[in-house]
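Here's the structure we're looking at; comments come further down.
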Amino acid sequence: MLLEVIFYAFASVLICASLGVILFKNPVYSAVSLILAFITTGLLWLLLEAEFLAIVLVLVYVGAVMVLFLFVIMMLNIHAEEERSGFTNIAPIAIFLGLVVAAELIALYWIQSDQFSGLESISNSALSVDNTLLLGTELFTKYILSFEIAGFILLLAIIVSISLTLRARKNVKKQVARDQISADPKQRLRMVDIKRGLD
Amino acid sequence: MKDFLISFLSFLDPQWINLIWSLLQIAIVTICLILTVVFLVYFERKVIGYMHARVGPNRVGPKGTLQSIADTIKLLLKEVIIPDKADRFFFLLSPLLLLIPALAAWAVIPFSPEFIIADINAGLLYLLALTSFGVYGVILAGWASNSKYAFLGSMRAAAQMVAYEIAMGFALVGVLMAGGSLKLGEIVAAQTGGVLSWFWIPLFPLFIVYFISGIAETNRHPFDLAEGEAEIVAGFHVEYSGIGFAIFFLAEYINMALISVLTSIMFLGGWESFFAGIPFLESSVFSFLTEPSIFWLLLKTLFFLFVFIWLRASFPRYRYDQLMSLGWKVLIPITILWIGVECIMYVMQIGPWSVT
């Protein structure tokens with residue numbers, strides 16, 4: 001009973017936050033609604049006893065990705081009104097994509113109701129075993145190959161994006177810490193004897 | 001104490017008793033934290049005063065001990081000014097966005113073997129998620145103030161906190177490898193058996209990196225570019241007055257205490273005694289010194305808080321490019337390298353965790 005009340009409370013917050021993402025005029029408000037949506041999704045996953053996934057969702061998307069999003073939105077100072085003027089042009093595509101997603105979800109619901117009845121037992125077994133441990137062992141034994149491939153793709157993406165943005169500029173004054181530390185006063189300073197007093 | 005509660009409220013459902021017990025624990029921890037901050041402000045001003053060969057606060061109360069209470073009353077009574085062009089909602093929300101994660105993180109801190117509010121399975125991840133959350137308070141405060149200085153400060157803070165979080169996360173990976181668990185209680189339990197079995201010896205580089213990135217995470221000296229008063233007045237909280245400023249201040253000091261307590265838990269054995277594992281002491285009348293207790297944790301935490309203040313009194317502020325190159329080019333490679341070394345140590349069965 002209590003669990004259902006919590007679930008519906010979080011679910012309604014999630015729906016409101018997702019609506020906020022597309023309905024707010026100010027892009028910063030949209031981004032913050034998206035953050036709220038991620039957090040609520042994490043909380044819903046916590047209700048399913050998937051604590052690792054829930055916390056990682058918050059850690060990765062809220063802790064890192066959305067910070068950069070917000071950063072860019074604030075720096076660019078986007079005016080949403082101008083962006084929204086082309087909204088009707090892409091509306092057919094958007095409606096089509098929405099219908100596809102809805103169809104997929106409905107199909108998933110049908111499949112789940114007759115074939116995936118085993119899903120129940122997975123969440124129950126997670127009660128006795130540590131969720132993180134379970135995921136870790138599965139990823140590093142059964143699915144090691146796909147896991148490593150995913151890692152390599154991500155590494156490649158990092159390298160590519162860095163090399164795309166890297167521009168070697170000339171005539172840039174840079175601090176070279178090694179040169180500074182190894183500087184020798186003897187090479188830079190010449191001691192001169194000056195005669196003192198009156199001759 | 002819980003038994004007393006159960007017998008006293010026996011007419012209630014056990015579920016409700018658990019709820020009341022948790023709320024009581026939360027209240028105790030929160031009140032203690034706020035008192036810690038009150039003490040810490042006085043401690044900081046006094047320590048820096050003596051380091052600068054000054055006296056520090058000495059007017060309010062005996063030896064100036066009531067100074068921070070006077071400061072608090074002054075801040076609470078000040079007028080709260082909301083700038084005309086500011087975004088009102090986020091302007092008022094962002095101090096809380098910084099304070100709430102700072103307080104919520106204390107839920108998983110094991111103070112002693114018995115006292116921990118919530119011993120969750122993924123405690124370390126929870127901490128990492130919550131500490132990364134605080135950056136929103138800073139960014140949104142800077143943006144909502146609608147001021148150039150505040151905005152520059154929050155941009156600096158965002159870049160800095162994202163950069164140092166990575167080094168911090170990698171240091172935590174090392175700790176969880178050594179501890180063999182994401183539960184903070186089990187990480188401390190893995191360090192039982194005296195000073196030499198604490199993780200600061202096998203994980204020494206990670207220990208240093210963690211503490212340095214902790215200082216950078218909390219925007220403290222020498223990494224407090226987010227509020228560099230020489231260039232950008234006071235950074236992200238320049239437009240805040242009264243209670244808004246006080247909450248930023250409170251959150252910063254609670255975060256300092258959090259980093260200190262985490263460093264003690266993960267690298268210095270948490271509640272373990274300094275004298276544990278010395279057979280001579282364990283058999284004598286001083287055996288109470290070798291017992292694990294919350295006292296040791298508080299002592300270690302106080303030491304790290306002192307280090308925070310000590311660094312503030314001794315170092316000049318970093319330049320922005322130096323800060324970034326330290327984070328990305330020094331700290332992150334060190335942590336990655338040491339995780340590799342740790343893997344080798346694990347395979348070769350060197351180190352205190354070889355029993356697992």
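By order in the structure tokens, chains are A, B, ...; within a chain, residues start at 1; ligands start at 1, following the order shown.
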
Legend entry - Contact set, chain A to chain B: 7 Å, only C-alpha atoms, as a ChimeraX atom specification: /A:52,55,58-59,63-64,130

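The two atoms in question, CA of Ile215 in chain B and CA of Ile162 in chain A, are spaced 27.6 Å apart.
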
Counting only C-alpha atoms, the residue among B:Phe288, B:Tyr240, B:Phe8, B:Phe308 that lies closest to Glu79 in chain B is B:Tyr240

Requested in this report: For Val238 in chain B, list every protein, DNA or RNA residue within 9 Å, evaluated using only C-alpha atoms, and leave out those in the same chain fewer than 6 positions away; present the list as a ChimeraX atom specification.
Outcome: /B:142,145,147,149-150,227,232,245

Any chance you could export the current selection's N, CA and C atoms as a PDB file, in the first residue's frame?
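To be explicit, this is the file written out as selection.pdb:
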```pdb
ATOM      1  N   GLY B 142      24.844  31.408  -9.285  1.00  0.00           N
ATOM      2  CA  GLY B 142      25.540  32.376 -10.125  1.00  0.00           C
ATOM      3  C   GLY B 142      24.671  32.856 -11.264  1.00  0.00           C
ATOM      4  N   SER B 145      21.566  35.059  -9.996  1.00  0.00           N
ATOM      5  CA  SER B 145      21.872  36.394  -9.480  1.00  0.00           C
ATOM      6  C   SER B 145      21.860  37.443 -10.581  1.00  0.00           C
ATOM      7  N   SER B 147      24.307  38.538 -12.384  1.00  0.00           N
ATOM      8  CA  SER B 147      25.423  39.458 -12.190  1.00  0.00           C
ATOM      9  C   SER B 147      26.654  38.844 -12.844  1.00  0.00           C
ATOM     10  N   TYR B 149      29.831  39.036 -12.127  1.00  0.00           N
ATOM     11  CA  TYR B 149      30.804  38.439 -11.206  1.00  0.00           C
ATOM     12  C   TYR B 149      30.315  37.085 -10.703  1.00  0.00           C
ATOM     13  N   ALA B 150      29.044  37.054 -10.319  1.00  0.00           N
ATOM     14  CA  ALA B 150      28.483  35.809  -9.798  1.00  0.00           C
ATOM     15  C   ALA B 150      28.515  34.735 -10.875  1.00  0.00           C
ATOM     16  N   GLU B 227      35.347  31.968  -5.618  1.00  0.00           N
ATOM     17  CA  GLU B 227      35.030  33.194  -4.895  1.00  0.00           C
ATOM     18  C   GLU B 227      36.254  34.088  -4.755  1.00  0.00           C
ATOM     19  N   ILE B 232      36.908  38.545  -8.786  1.00  0.00           N
ATOM     20  CA  ILE B 232      35.466  38.548  -9.045  1.00  0.00           C
ATOM     21  C   ILE B 232      34.689  38.807  -7.762  1.00  0.00           C
ATOM     22  N   PHE B 245      23.327  34.021   2.405  1.00  0.00           N
ATOM     23  CA  PHE B 245      24.776  33.885   2.527  1.00  0.00           C
ATOM     24  C   PHE B 245      25.111  32.904   3.643  1.00  0.00           C
TER      25      PHE B 245
END
```

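Note that CA of Leu34 in chain A and CA of Ile90 in chain A are 21.6 Å apart.
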
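Residues within 12 Å of Ser12 in chain A, counting only C-alpha atoms and excluding same-chain residues fewer than 4 positions away, are A:Val5, A:Ile6, A:Phe7, A:Tyr8, A:Cys16, A:Ala17, A:Ser18, A:Leu19, A:Leu36, A:Ala37, A:Thr40, A:Thr41, A:Leu44.
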
Legend entry - All alpha helix (DSSP H) positions in range 155-202 of chain B, as a VMD selection string: chain B and resid 155 to 179 184 to 189

Notebook entry, point to check: What's the 8 Å shell around Ser260 in chain B, counting only C-alpha atoms, without same-chain residues fewer than 3 positions away, as an NGL selection string?
Noted result: :B and (256-257 or 263-264 or 300-302 or 304-305)

Inset, instruction - Give me the residues within 9 Å of Leu40 in chain B as number ranges by chain, counting only C-alpha atoms and dropping any in the same chain fewer than 3 places off. - result: B: 35-37, 43-45, 68, 253, 305

Output N, CA and C atoms for every residue in that selection, as a compact mmCIF listing (two decimals), in the first residue's frame.
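Done, and the output landed in selection-v3.txt:
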```txt
# COMPACT_ATOMS: atom_id res chain seq x y z
N LEU B 35 26.26 22.53 15.30
CA LEU B 35 27.14 22.95 16.39
C LEU B 35 28.61 22.85 15.97
N THR B 36 28.93 21.81 15.17
CA THR B 36 30.30 21.68 14.67
C THR B 36 30.68 22.88 13.84
N VAL B 37 29.74 23.32 12.99
CA VAL B 37 30.04 24.47 12.13
C VAL B 37 30.27 25.71 12.99
N PHE B 43 37.04 28.22 15.51
CA PHE B 43 38.32 27.51 15.44
C PHE B 43 39.16 28.06 14.29
N GLU B 44 38.52 28.21 13.12
CA GLU B 44 39.25 28.68 11.95
C GLU B 44 39.80 30.08 12.18
N ARG B 45 38.96 30.96 12.69
CA ARG B 45 39.41 32.34 12.87
C ARG B 45 40.52 32.42 13.91
N SER B 68 31.03 33.20 16.97
CA SER B 68 30.26 32.67 15.82
C SER B 68 28.77 32.74 16.09
N TYR B 253 30.96 24.64 5.16
CA TYR B 253 31.62 24.07 6.33
C TYR B 253 31.17 22.64 6.59
N LEU B 305 40.19 18.69 9.62
CA LEU B 305 39.63 20.04 9.59
C LEU B 305 40.73 21.06 9.86
```

| field | Exercise: Ala190 in chain B partners within 12 Å, only C-alpha atoms, chain neighbours under 3 positions left out, as a PyMOL selection string | value | chain B and resi 175-187+193-194+197-199+265-272+351-356

Export, as a compact mmCIF listing (two decimals), in the first residue's frame, the selected residues with C-alpha atoms.
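The result, stored in part10.txt:
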```txt
# COMPACT_ATOMS: atom_id res chain seq x y z
CA VAL B 175 39.28 2.29 -1.75
CA LEU B 176 36.47 -0.01 -2.76
CA MET B 177 38.96 -2.41 -4.33
CA ALA B 178 40.91 -2.54 -1.10
CA GLY B 179 37.83 -2.68 1.13
CA GLY B 180 36.05 -5.19 -1.07
CA SER B 181 32.71 -3.51 -0.46
CA LEU B 182 30.68 -0.42 -1.20
CA LYS B 183 29.42 -0.33 2.38
CA LEU B 184 31.33 2.21 4.46
CA GLY B 185 30.96 0.08 7.59
CA GLU B 186 32.65 -2.85 5.87
CA ILE B 187 35.40 -0.61 4.52
CA GLY B 193 44.21 -4.26 13.35
CA GLY B 194 46.24 -1.17 14.11
CA SER B 197 46.63 -2.05 8.43
CA TRP B 198 44.82 1.19 7.64
CA PHE B 199 44.50 1.97 3.95
CA ILE B 265 36.88 6.59 7.39
CA MET B 266 38.38 5.47 4.12
CA PHE B 267 42.08 5.92 4.74
CA LEU B 268 42.63 6.21 8.50
CA GLY B 269 40.50 3.41 9.83
CA GLY B 270 37.40 5.34 10.93
CA TRP B 271 36.46 4.40 14.48
CA GLU B 272 39.59 2.21 14.94
CA GLY B 351 48.93 -5.74 1.21
CA PRO B 352 46.40 -5.97 3.98
CA TRP B 353 43.44 -6.97 1.81
CA SER B 354 45.10 -10.16 0.56
CA VAL B 355 43.01 -12.15 3.04
CA THR B 356 39.84 -11.63 1.03
```
